[in-house]
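Step one of this worksheet: look at the structure below.
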Amino acid sequence: MQRQLPSSKRQSCRFSQAGLQINKSAGRLFWGPRNGLGPGPKGLLAFLEAVVRTPLQQSSRAGREAPTSAFFRFWSRWVIWRRSLKLVGGRGALSDGPVARTTGFPPPSGPAGSMDRGVLGPGRSRFLACACFLTDNLFVERYGLHLRYRGDPEQLRRDYGPVLRQRGCRSEEDFAVVLREVEKEVQRRKELDRLSRERKAIISQNYRPKHPHLYILQESFFNPEFLETVKYCKSQNADLQGLLHRVESLSDKRIYRLPIFTKEFCEAFVEELEHFEQSEMPKGRPNSMNNYGVLLNELGLDETFLTPLREKYLQPLTALLYPDCGGSCLDSHKAFVVKYALHEDLDLHTHYDNAEVTLNVCLGKEFTEGSLYFAELRQDAKPVPNYLEVEHLLYYGLFHRGGQLHGALAIASGERRNLIIWMRSSAVRNHLCPMCNRVPDLVEADGFGDGFTRILEGSPPGTTDVCSLT
């Protein structure tokens, strides 16, 4: 069950390389895949997953609560282990344009998520996207794969035939279904910007917020502890060691946790989101991996809420936590809220984000299970990853590198909403697109695009890369 402002901080449960481990502080048992503790036959794993997932999905469709027994938690951990095997064949990634991108197999591929293309203010750089958005990281949920598709069915068969067959796509009919799903996703992405513009215009003209004051960022929204941490980071003598005394460092994976917003703000924000969801306004999915949630740029939150949040409050922390990832020069973002509930999305496959730095804030509501899990960076993926499991704390935020492989276990009851902010640094990604691992092929995009920039004609000479000064 989620917790609030614990009296004593503790390290979250870990999956150790030894396999079986009891975390004394949590009293929870983990059965890992190492040292012969994991079952060998894949058939047994498939059977266990089918036995538990089937009633879980039935409960979800019926709107009932799923069982929260020890066996359910045992199955959840097995899901992580099964996905660790899939990382060898396809690594997930969330990306811009409401699409979650994942690294495919055999070619490396990218993150997941939908592209938040916010309105640019005066004097802002023109942001661009990479053309790989229409070809890479096309997610096929039934097989847990992100694919690269060049418009040639035979290319898809050559590159992914073996791994698709391994995961159950064995007949021509099965392959035809995959091909239709992939081509449908490509078409969706082609229309993404246009449809997002149309939705945003309709919402701007017709939607009446329940809590209008939430649309302009105020310091009263923040937890006092967070404001003190930001104040320290802006001080002249601030350094990483001093900051680490003020945040909870969860592991050597450079994942950090601290309270961000007040309870009052989070409850009012969730009410606003519910009010919007219940309205007749058009809605877009947050990304290609999440089906339920809200794109915050379409609600008009970019300029008055999200941009000042990134520039004034988050970047002072990221500059110290992630100077090697562009943490001091995060010049764009994509932000959305994802929703997990029994009759909707239950969990999230392993993926990485289309971001240099990600902030994940648990807004509420009441729920059980559904912890996050983290593996290595996508560049350092191992055949059998070493996982760190992190429970959600209400109103707390988790900072992590965008390239950190991670996912979410299935929720067991209730409903959970998380605010996700992907923060991008054009000074970093202009050299290498994190979605296709190539020099970006830049194309026009709306708003913040994918966070890429180029020197425009008429720009003053001698432009300095601010990241090089950190």
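As shown in the structure tokens, the chain order sets the letters A, B, ...; within each chain, residues go from 1, and ligands are also counted from 1 in the order they appear.
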
Hey, which bits of stretch 333-381 of chain A sit within 7 Å of stretch 290-312 of chain A, and for each residue what's the closest pair of atoms and how far apart in Å (one decimal), counting only C-alpha atoms, rows by chain and increasing number, as a Markdown table?
| residue | atom | partner | partner_atom | distance |
| --- | --- | --- | --- | --- |
| A:Ala335 | CA | A:Leu296 | CA | 5.9 |
| A:Phe336 | CA | A:Leu295 | CA | 4.6 |
| A:Val337 | CA | A:Val294 | CA | 5.2 |
| A:Val338 | CA | A:Gly293 | CA | 4.3 |
| A:Lys339 | CA | A:Gly293 | CA | 5.1 |
| A:Asp345 | CA | A:Asn291 | CA | 6.7 |

Using only N, CA, C and O atoms, please write the residues we just selected to a file, as a short mmCIF file (atom, residue, chain, number, x, y, z; two decimals), in the first residue's frame.
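Final output, saved to part.cif:
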data_model
loop_
_atom_site.label_atom_id
_atom_site.label_comp_id
_atom_site.auth_asym_id
_atom_site.auth_seq_id
_atom_site.Cartn_x
_atom_site.Cartn_y
_atom_site.Cartn_z
N ALA A 335 5.28 16.44 -21.02
CA ALA A 335 4.68 16.10 -19.73
C ALA A 335 3.29 15.52 -19.92
O ALA A 335 2.51 16.00 -20.76
N PHE A 336 2.99 14.51 -19.15
CA PHE A 336 1.68 13.86 -19.23
C PHE A 336 1.41 13.16 -17.91
O PHE A 336 2.32 12.95 -17.09
N VAL A 337 0.16 12.81 -17.70
CA VAL A 337 -0.24 12.03 -16.52
C VAL A 337 -0.73 10.68 -17.02
O VAL A 337 -1.53 10.61 -17.96
N VAL A 338 -0.23 9.60 -16.41
CA VAL A 338 -0.68 8.26 -16.76
C VAL A 338 -1.58 7.74 -15.64
O VAL A 338 -1.43 8.11 -14.48
N LYS A 339 -2.51 6.88 -16.03
CA LYS A 339 -3.47 6.34 -15.09
C LYS A 339 -3.45 4.82 -15.15
O LYS A 339 -3.50 4.23 -16.23
N ASP A 345 -5.32 0.29 -17.87
CA ASP A 345 -3.94 -0.20 -17.89
C ASP A 345 -3.57 -0.75 -16.52
O ASP A 345 -3.83 -0.11 -15.49
#

How close does stretch 403-435 of chain A get to stretch 241-259 of chain A? List, as JSON lines, each residue of stretch 403-435 of chain A within 12 Å, its nearest atom pair and the distance in Å to one decimal, counting only C-alpha atoms.
{"residue": "A:Gly403", "atom": "CA", "partner": "A:Lys253", "partner_atom": "CA", "distance": 11.1}
{"residue": "A:Gln404", "atom": "CA", "partner": "A:Lys253", "partner_atom": "CA", "distance": 8.3}
{"residue": "A:Leu405", "atom": "CA", "partner": "A:Lys253", "partner_atom": "CA", "distance": 10.5}
{"residue": "A:His406", "atom": "CA", "partner": "A:Ile255", "partner_atom": "CA", "distance": 11.3}

Q | Separation of atom CA of A:Gly449 from atom CA of A:Ser279 in Å | A | 27.4 Å

Q: Have a look at atom CA of A:Arg165 and atom CA of A:Arg148 and let me know their distance in Å, one decimal.
A: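 Distance between the two atoms: 16.7 Å.
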
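The coordinates place atom CA of A:Gly151 at 9.5 Å from atom CA of A:Val182.
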